[in-house]
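Worksheet: one structure, shown below.
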Amino acid sequence: SNTTKGFAFAVTDAFENTQSGTVYTLDRLAEIIENGQASSAWFASTYRVYASLFVSGPTRQLTFAHADPSEVDRVQLLDWDMDRIGAQYLFNGLWHHVAVVYRVENGKLRATLIVDGSTSYAAEGWSVCADRLPPTVGTFSNASLFDQSSDKVTDCLLYTSPSPRDS
């Protein structure tokens, strides 16, 4: 709805106050998104947000964000204005499928928003410049995905496409 505000999903390191249930990494990232704080406000330690989607009904905006303290510019925010791209229906209170696809276009890294299977590579606003790929959560190297002797999946890791620095 137009009043909805918060994270639709987030993959982050576990940093939670067990008394209050507060997730400090997401609270800090929400502050940075909403208040435009400098990315240097991110934690200096190893806390990462590998991928997250922040939804703001009042501003009718989606923000794909990730944070990595090992990067110079620790936090990357990619914003899409739903009114500008004609996807204001996203705030109708129903479930929607949202994806962000990274690709290189004319030598530059771009992130393209896909909503309910629709996007536009030509229309203004669907694709935004990105400085880097999100941090890799894990890889399949040295992982046994299926143990035939016990019919169990073992040693699985969550995988995202490796960034160029992981190659």
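Going by the structure tokens order, chains are called A, B, ..., each with residues numbered from 1, while ligands are numbered from 1 in the order shown.
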
Open item on the list: Can you pull out the residues contacting Gly6 in chain A? Cut-off 10 Å, using only C-alpha atoms, and skip same-chain residues under 5 positions away; I want them as a list in words.
Closed with: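 Non-adjacent residues within range: Leu26, Asp27, Ala30, Leu53, Phe54, Val55, Ser56, Gly57 and Leu62 of chain A.
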
Task: Within 12 Å of Asp83 in chain A using only C-alpha atoms, minus same-chain residues under 2 positions, as a ChimeraX atom specification - done: /A:57-62,80-81,85-91,124-126

Open item on the list: Applying 6 Å and only C-alpha atoms, which residues near Phe64 in chain A remain after dropping the ones on its own chain fewer than 6 positions away? List them as a PyMOL selection string.
Closed with: chain A and resi 52-53+77-78

Save the residues we just selected, all heavy atoms, as an mmCIF file, in the first residue's frame?
```cif
data_model
loop_
_atom_site.group_PDB
_atom_site.id
_atom_site.type_symbol
_atom_site.label_atom_id
_atom_site.label_comp_id
_atom_site.auth_asym_id
_atom_site.auth_seq_id
_atom_site.Cartn_x
_atom_site.Cartn_y
_atom_site.Cartn_z
ATOM 1 N N SER A 52 19.236 -6.710 -0.373
ATOM 2 C CA SER A 52 17.991 -6.344 0.309
ATOM 3 C C SER A 52 17.142 -5.481 -0.614
ATOM 4 O O SER A 52 17.653 -4.832 -1.529
ATOM 5 C CB SER A 52 18.288 -5.583 1.607
ATOM 6 O OG SER A 52 18.864 -4.324 1.321
ATOM 7 N N LEU A 53 15.852 -5.509 -0.359
ATOM 8 C CA LEU A 53 14.918 -4.671 -1.110
ATOM 9 C C LEU A 53 14.100 -3.876 -0.113
ATOM 10 O O LEU A 53 13.362 -4.439 0.693
ATOM 11 C CB LEU A 53 14.000 -5.515 -1.992
ATOM 12 C CG LEU A 53 13.061 -4.702 -2.880
ATOM 13 C CD1 LEU A 53 13.854 -3.947 -3.949
ATOM 14 C CD2 LEU A 53 12.029 -5.611 -3.538
ATOM 15 N N LEU A 77 23.285 1.830 -3.003
ATOM 16 C CA LEU A 77 21.831 1.964 -3.091
ATOM 17 C C LEU A 77 21.445 2.142 -4.551
ATOM 18 O O LEU A 77 21.974 3.025 -5.225
ATOM 19 C CB LEU A 77 21.341 3.174 -2.290
ATOM 20 C CG LEU A 77 21.780 3.269 -0.830
ATOM 21 C CD1 LEU A 77 21.270 4.566 -0.216
ATOM 22 C CD2 LEU A 77 21.292 2.067 -0.042
ATOM 23 N N LEU A 78 20.534 1.319 -5.023
ATOM 24 C CA LEU A 78 20.002 1.445 -6.379
ATOM 25 C C LEU A 78 18.521 1.749 -6.244
ATOM 26 O O LEU A 78 17.770 0.947 -5.688
ATOM 27 C CB LEU A 78 20.231 0.148 -7.162
ATOM 28 C CG LEU A 78 21.681 -0.336 -7.228
ATOM 29 C CD1 LEU A 78 21.750 -1.692 -7.899
ATOM 30 C CD2 LEU A 78 22.547 0.676 -7.952
#
```

Task: Residue neighbourhood Val115 in chain A, 9 Å, only C-alpha atoms, exclusion window fewer than 6 positions, as a PyMOL selection string - done: chain A and resi 87+90+96-100

Open item on the list: What's around range 9-25 of chain A at 12 Å? Count only C-alpha atoms, leave out sequence neighbours fewer than 6 positions away in its own chain, and write the answer as a PyMOL selection string.
Closed with: chain A and resi 31-32+41-55+62-69+75+97-99+134-137+158-160

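Taking CA of Val128 in chain A and CA of Asn92 in chain A as the two end points, the separation is 24.1 Å.
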
- [ ] Point out the residue among A:Gln76, A:Ile114, A:Ser120, A:Met82 with the least atom-to-atom distance to Arg132 in chain A, counting only C-alpha atoms.
- [x]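 For Arg132 in chain A, the nearest of the candidates is A:Gln76.
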
Task: Among the residues A:Asp116, A:Arg28, A:Asn35, A:Ala122, the one that comes closest to Trp95 in chain A [using only C-alpha atoms] - done: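 Closest candidate: A:Asp116.
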
Open item on the list: Write out as JSON, numbers by chain the set of residues from range 71-118 of chain A that DSSP, computed on the backbone, places in strand (DSSP E or B).
Closed with: {"A": [75, 76, 77, 78, 79, 80, 81, 98, 99, 100, 101, 102, 103, 104, 105, 108, 109, 110, 111, 112, 113, 114, 115, 118]}

Write a file of the selected residues as a tab-separated table (two decimals), in the first residue's frame, keeping N, CA and C atoms.
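Contents of out25.tsv, as written:
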```
chain	number	residue	atom	x	y	z
A	75	VAL	N	28.32	1.17	1.18
A	75	VAL	CA	26.90	0.89	0.91
A	75	VAL	C	26.57	1.29	-0.51
A	76	GLN	N	25.86	0.41	-1.22
A	76	GLN	CA	25.39	0.76	-2.55
A	76	GLN	C	23.87	0.73	-2.56
A	77	LEU	N	23.28	1.83	-3.00
A	77	LEU	CA	21.83	1.96	-3.09
A	77	LEU	C	21.45	2.14	-4.55
A	78	LEU	N	20.53	1.32	-5.02
A	78	LEU	CA	20.00	1.45	-6.38
A	78	LEU	C	18.52	1.75	-6.24
A	79	ASP	N	18.10	2.92	-6.72
A	79	ASP	CA	16.73	3.39	-6.52
A	79	ASP	C	15.93	3.37	-7.81
A	80	TRP	N	14.66	2.97	-7.68
A	80	TRP	CA	13.71	3.03	-8.79
A	80	TRP	C	12.46	3.75	-8.33
A	81	ASP	N	12.04	4.74	-9.11
A	81	ASP	CA	10.82	5.50	-8.86
A	81	ASP	C	9.68	4.82	-9.62
A	98	VAL	N	9.54	-9.43	-7.77
A	98	VAL	CA	10.48	-8.35	-8.09
A	98	VAL	C	11.87	-8.97	-8.19
A	99	ALA	N	12.59	-8.64	-9.26
A	99	ALA	CA	13.95	-9.13	-9.45
A	99	ALA	C	14.83	-7.98	-9.93
A	100	VAL	N	16.10	-8.09	-9.59
A	100	VAL	CA	17.10	-7.14	-10.07
A	100	VAL	C	18.15	-7.96	-10.82
A	101	VAL	N	18.39	-7.59	-12.07
A	101	VAL	CA	19.34	-8.31	-12.91
A	101	VAL	C	20.50	-7.38	-13.25
A	102	TYR	N	21.71	-7.84	-13.01
A	102	TYR	CA	22.91	-7.07	-13.35
A	102	TYR	C	23.41	-7.52	-14.72
A	103	ARG	N	23.87	-6.54	-15.51
A	103	ARG	CA	24.47	-6.85	-16.81
A	103	ARG	C	25.39	-5.70	-17.20
A	104	VAL	N	26.32	-6.00	-18.08
A	104	VAL	CA	27.23	-4.97	-18.58
A	104	VAL	C	26.65	-4.46	-19.90
A	105	GLU	N	26.50	-3.15	-19.99
A	105	GLU	CA	25.95	-2.50	-21.18
A	105	GLU	C	26.88	-1.36	-21.58
A	108	LYS	N	29.57	-0.61	-19.10
A	108	LYS	CA	29.20	-0.15	-17.76
A	108	LYS	C	28.24	-1.14	-17.12
A	109	LEU	N	28.41	-1.35	-15.81
A	109	LEU	CA	27.54	-2.24	-15.07
A	109	LEU	C	26.20	-1.56	-14.83
A	110	ARG	N	25.13	-2.25	-15.17
A	110	ARG	CA	23.77	-1.72	-15.01
A	110	ARG	C	22.94	-2.73	-14.21
A	111	ALA	N	21.98	-2.23	-13.46
A	111	ALA	CA	21.03	-3.08	-12.74
A	111	ALA	C	19.64	-2.76	-13.28
A	112	THR	N	18.94	-3.79	-13.71
A	112	THR	CA	17.62	-3.62	-14.31
A	112	THR	C	16.57	-4.23	-13.39
A	113	LEU	N	15.51	-3.49	-13.15
A	113	LEU	CA	14.40	-3.94	-12.33
A	113	LEU	C	13.41	-4.72	-13.19
A	114	ILE	N	12.92	-5.84	-12.67
A	114	ILE	CA	11.89	-6.62	-13.33
A	114	ILE	C	10.75	-6.77	-12.32
A	115	VAL	N	9.55	-6.37	-12.71
A	115	VAL	CA	8.38	-6.46	-11.84
A	115	VAL	C	7.34	-7.34	-12.51
A	118	SER	N	7.94	-8.18	-16.06
A	118	SER	CA	8.01	-7.11	-17.06
A	118	SER	C	9.14	-6.14	-16.76
```
